[in-house]
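Structure file protein-v3.cif (mmCIF, C-alpha atoms) follows.
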data_final
#
loop_
_atom_site.label_atom_id
_atom_site.label_comp_id
_atom_site.auth_asym_id
_atom_site.auth_seq_id
_atom_site.Cartn_x
_atom_site.Cartn_y
_atom_site.Cartn_z
CA MET A 1 18.75 3.43 -11.08
CA THR A 2 15.68 5.39 -9.92
CA THR A 3 15.89 8.56 -7.88
CA GLU A 4 14.39 6.68 -4.92
CA GLN A 5 17.15 4.06 -5.10
CA ILE A 6 19.79 6.76 -5.32
CA PHE A 7 18.37 8.52 -2.28
CA ASP A 8 18.29 5.21 -0.43
CA LEU A 9 21.98 4.67 -1.21
CA MET A 10 22.81 8.22 -0.11
CA GLU A 11 20.95 7.67 3.13
CA GLU A 12 22.71 4.33 3.62
CA THR A 13 26.08 6.05 3.08
CA LEU A 14 25.19 8.66 5.68
CA ASP A 15 24.02 5.96 8.09
CA LYS A 16 27.34 4.14 7.71
CA ALA A 17 29.33 7.31 8.39
CA VAL A 18 31.89 7.00 11.17
CA THR A 19 31.30 9.27 14.18
CA VAL A 20 34.29 11.45 15.03
CA PRO A 21 35.10 11.29 18.74
CA PHE A 22 34.66 14.50 20.71
CA SER A 23 32.95 16.22 17.77
CA GLY A 24 29.48 16.51 19.21
CA GLY A 25 28.01 13.76 17.03
CA LYS A 26 29.71 14.78 13.75
CA SER A 27 30.53 12.02 11.28
CA VAL A 28 32.94 11.35 8.45
CA VAL A 29 31.39 10.18 5.18
CA ASN A 30 32.75 8.69 1.97
CA VAL A 31 32.75 11.93 -0.05
CA GLU A 32 33.56 10.22 -3.34
CA LYS A 33 30.65 7.81 -3.00
CA LEU A 34 28.25 10.69 -2.22
CA ARG A 35 29.54 12.67 -5.20
CA ASP A 36 29.06 9.64 -7.48
CA LEU A 37 25.50 9.22 -6.19
CA MET A 38 24.75 12.92 -6.69
CA THR A 39 26.08 12.71 -10.27
CA GLU A 40 23.89 9.70 -10.93
CA LEU A 41 20.92 11.54 -9.43
CA ARG A 42 21.49 14.47 -11.76
CA MET A 43 21.60 12.09 -14.72
CA SER A 44 18.37 10.33 -13.71
CA MET A 45 16.32 13.53 -13.33
CA PRO A 46 15.93 14.12 -17.11
CA GLN A 47 14.38 10.65 -17.37
CA GLU A 48 11.56 11.73 -15.08
CA PHE A 49 11.08 14.92 -17.08
CA ASN A 50 10.88 12.81 -20.24
CA GLN A 51 8.30 10.62 -18.54
CA ALA A 52 6.20 13.71 -17.79
CA ARG A 53 6.47 14.82 -21.43
CA SER A 54 5.41 11.35 -22.53
CA ILE A 55 2.34 11.54 -20.31
CA VAL A 56 1.36 14.87 -21.87
CA ALA A 57 1.87 13.39 -25.34
CA ASP A 58 -0.32 10.42 -24.36
CA ARG A 59 -2.99 12.86 -23.20
CA ASN A 60 -2.87 14.64 -26.56
CA SER A 61 -3.06 11.32 -28.37
CA ILE A 62 -6.09 10.25 -26.31
CA LEU A 63 -7.84 13.56 -26.99
CA SER A 64 -7.07 13.30 -30.70
CA SER A 65 -8.38 9.74 -30.77
CA ALA A 66 -11.53 10.77 -28.91
CA LYS A 67 -12.09 13.62 -31.37
CA LYS A 68 -11.69 11.26 -34.36
CA GLU A 69 -14.08 8.79 -32.77
CA ALA A 70 -16.59 11.57 -32.13
CA GLU A 71 -16.28 12.79 -35.73
CA LEU A 72 -16.81 9.25 -36.99
CA THR A 73 -19.85 8.85 -34.76
CA VAL A 74 -21.25 12.15 -36.02
CA ARG A 75 -20.61 11.15 -39.63
CA VAL A 76 -22.32 7.79 -39.06
CA ALA A 77 -25.25 9.57 -37.42
CA GLU A 78 -25.55 11.98 -40.34
CA GLU A 79 -25.48 9.10 -42.85
CA LYS A 80 -28.19 7.27 -40.93
CA ALA A 81 -30.26 10.44 -40.81
CA GLN A 82 -29.98 10.82 -44.61
CA GLN A 83 -31.21 7.25 -45.11
CA LEU A 84 -34.30 7.92 -43.02
CA ILE A 85 -35.48 10.97 -45.00
CA SER A 86 -38.21 9.31 -47.03
CA GLU A 87 -41.38 10.44 -45.25
CA SER A 88 -42.15 13.21 -42.79
CA GLU A 89 -42.67 10.82 -39.87
CA ILE A 90 -39.45 9.04 -40.68
CA VAL A 91 -37.76 12.42 -41.00
CA LYS A 92 -38.96 13.41 -37.53
CA GLN A 93 -37.77 10.12 -36.09
CA ALA A 94 -34.44 10.45 -37.84
CA GLN A 95 -33.94 13.98 -36.58
CA ALA A 96 -34.79 12.94 -33.04
CA ARG A 97 -32.41 9.98 -33.23
CA ALA A 98 -29.63 12.11 -34.74
CA ASN A 99 -30.05 14.66 -31.98
CA GLU A 100 -29.96 11.90 -29.42
CA ILE A 101 -26.78 10.45 -30.94
CA MET A 102 -25.21 13.91 -31.10
CA THR A 103 -26.08 14.52 -27.44
CA GLN A 104 -24.69 11.13 -26.45
CA THR A 105 -21.55 11.76 -28.49
CA ARG A 106 -21.02 15.19 -26.95
CA ASN A 107 -21.51 13.70 -23.50
CA GLN A 108 -19.07 10.90 -24.26
CA VAL A 109 -16.50 13.38 -25.58
CA LYS A 110 -16.94 15.53 -22.46
CA GLU A 111 -16.51 12.48 -20.22
CA ILE A 112 -13.45 11.26 -22.11
CA ARG A 113 -11.90 14.72 -22.11
CA SER A 114 -12.68 15.24 -18.44
CA SER A 115 -11.34 11.86 -17.35
CA THR A 116 -8.26 12.29 -19.54
CA ASN A 117 -7.59 15.72 -18.10
CA ASP A 118 -8.09 14.38 -14.56
CA TYR A 119 -5.75 11.48 -15.25
CA VAL A 120 -3.04 13.67 -16.76
CA GLU A 121 -3.39 16.23 -13.97
CA ASN A 122 -3.09 13.46 -11.35
CA VAL A 123 -0.04 11.93 -13.00
CA LEU A 124 1.63 15.32 -13.44
CA LYS A 125 0.79 16.18 -9.82
CA ASN A 126 2.40 12.91 -8.67
CA VAL A 127 5.48 13.55 -10.82
CA ASP A 128 5.63 17.12 -9.46
CA GLU A 129 5.38 15.88 -5.88
CA SER A 130 8.03 13.24 -6.51
CA LEU A 131 10.36 15.79 -8.05
CA VAL A 132 9.81 18.25 -5.20
CA ALA A 133 10.46 15.50 -2.66
CA ALA A 134 13.56 14.43 -4.56
CA ILE A 135 14.87 17.99 -4.69
CA ASN A 136 14.17 18.46 -0.99
CA ASP A 137 15.98 15.22 -0.22
CA VAL A 138 18.95 16.32 -2.33
CA ARG A 139 19.04 19.68 -0.52
CA HIS A 140 18.86 17.96 2.85
CA THR A 141 21.57 15.46 1.90
CA ARG A 142 23.71 18.25 0.51
CA GLN A 143 23.38 20.25 3.74
CA THR A 144 24.16 17.15 5.82
CA TYR A 145 27.17 16.53 3.63
CA LYS A 146 28.36 20.15 4.03
CA ASN A 147 27.92 19.89 7.78
CA ALA A 148 29.88 16.63 7.89
CA VAL A 149 32.69 18.10 5.79
CA ALA A 150 32.81 21.22 7.97
CA ALA A 151 32.89 19.09 11.11
CA SER A 152 35.63 16.90 9.64
CA GLU A 153 37.71 19.94 8.74
CA ALA A 154 37.17 21.44 12.19
CA ALA A 155 38.25 18.16 13.79
CA ARG A 156 41.41 18.10 11.66
CA LYS A 157 42.22 21.67 12.66
CA ASN A 158 41.75 20.78 16.33
CA GLU A 159 44.01 17.75 15.91
CA ASN A 160 46.67 19.85 14.18
CA LYS A 161 46.60 22.37 17.04
CA SER A 162 47.22 19.61 19.59
#

Give the structure from this file in structure tokens form.
Amino acid sequence: MTTEQIFDLMEETLDKAVTVPFSGGKSVVNVEKLRDLMTELRMSMPQEFNQARSIVADRNSILSSAKKEAELTVRVAEEKAQQLISESEIVKQAQARANEIMTQTRNQVKEIRSSTNDYVENVLKNVDESLVAAINDVRHTRQTYKNAVAASEAARKNENKS
């Protein structure tokens, strides 16, 4: 179950809470169900951390692949340049072409690296935002739960005094 689904179930449990009469809007909730959901939430969090690690690993793999491709392109360019070294005019043309290929390769590597970094940064930012939102929701739900328990205990004390 995803963290979003767990939060939805927690919210649904709170929505279904029974209002205690004369308590100023306080409600009684199924504590066991909320505890089970909180336990499940704790267990699902490492999955999202693993997903973030996987994204970083994918980034490293993409960068490694781009570097290998760039090295291959450079090696191919160098081999082509060696083939063209027969006359001075051919040598000049070969050098110009090799420089052009090197420039193109460097530009491609820069673009790949930049877009990969942007992608990874965006994904990590989204994961970070999701985790922050999830933590904030857990804190809010926890506080609501504490308030409900306190209200329930206060109501019991008032009933016992009567």

What does the distance from CA of Ala98 (chain A) to CA of Glu71 (chain A) come to in Å, to one decimal?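 One can read the CA of Ala98 (chain A) to CA of Glu71 (chain A) distance as 13.4 Å.
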
For Thr13 (chain A): contacts at 8 Å, only C-alpha atoms, fewer than 3 positions along chain excluded, given as a PyMOL selection string: chain A and resi 9-10+16-17+29-30+33-34

Within 10 Å of region 36-42 of chain A, counting all atoms listed in the file, which residues show up once you throw out same-chain ones fewer than 5 positions away? Write them as a PyMOL selection string, please. chain A and resi 1-7+9-10+13+31+47+134+138+141-142

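For the pair CA of Gln83 (chain A) and CA of Ala66 (chain A), the separation is 25.7 Å.
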
Counting all atoms listed in the file, which residues in region 98-126 of chain A sit no more than 12 Å from region 77-81 of chain A? For each one, give the nearest pair of atoms and the distance in Å, sorted by chain then residue number, as a Markdown table.
| residue | atom | partner | partner_atom | distance |
| --- | --- | --- | --- | --- |
| A:Ala98 | CA | A:Ala77 | CA | 5.7 |
| A:Asn99 | CA | A:Ala77 | CA | 8.9 |
| A:Glu100 | CA | A:Ala77 | CA | 9.6 |
| A:Ile101 | CA | A:Ala77 | CA | 6.7 |
| A:Met102 | CA | A:Ala77 | CA | 7.7 |
| A:Thr103 | CA | A:Ala77 | CA | 11.2 |
| A:Gln104 | CA | A:Ala77 | CA | 11.1 |
| A:Thr105 | CA | A:Ala77 | CA | 9.9 |

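Reported to one decimal place, the separation of CA of Val20 (chain A) from CA of Ala155 (chain A) is 7.9 Å.
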
Give me, as a tab-separated table, the closest atom pair and its distance (Å, one decimal) for every residue of region 96-162 of chain A within a cut-off of 8 Å of region 60-63 of chain A, counting only C-alpha atoms, rows sorted by chain and rising number.
residue	atom	partner	partner_atom	distance
A:Ile112	CA	A:Leu63	CA	7.8
A:Arg113	CA	A:Leu63	CA	6.5
A:Thr116	CA	A:Ile62	CA	7.4

Need the shell around Glu48 (chain A): protein/DNA/RNA residues with any atom at most 10 Å away, counting only C-alpha atoms. Skip same-chain ones fewer than 2 positions apart. Format as JSON, numbers by chain? {"A": [2, 3, 44, 45, 46, 50, 51, 52, 53, 54, 127, 128, 130, 131]}
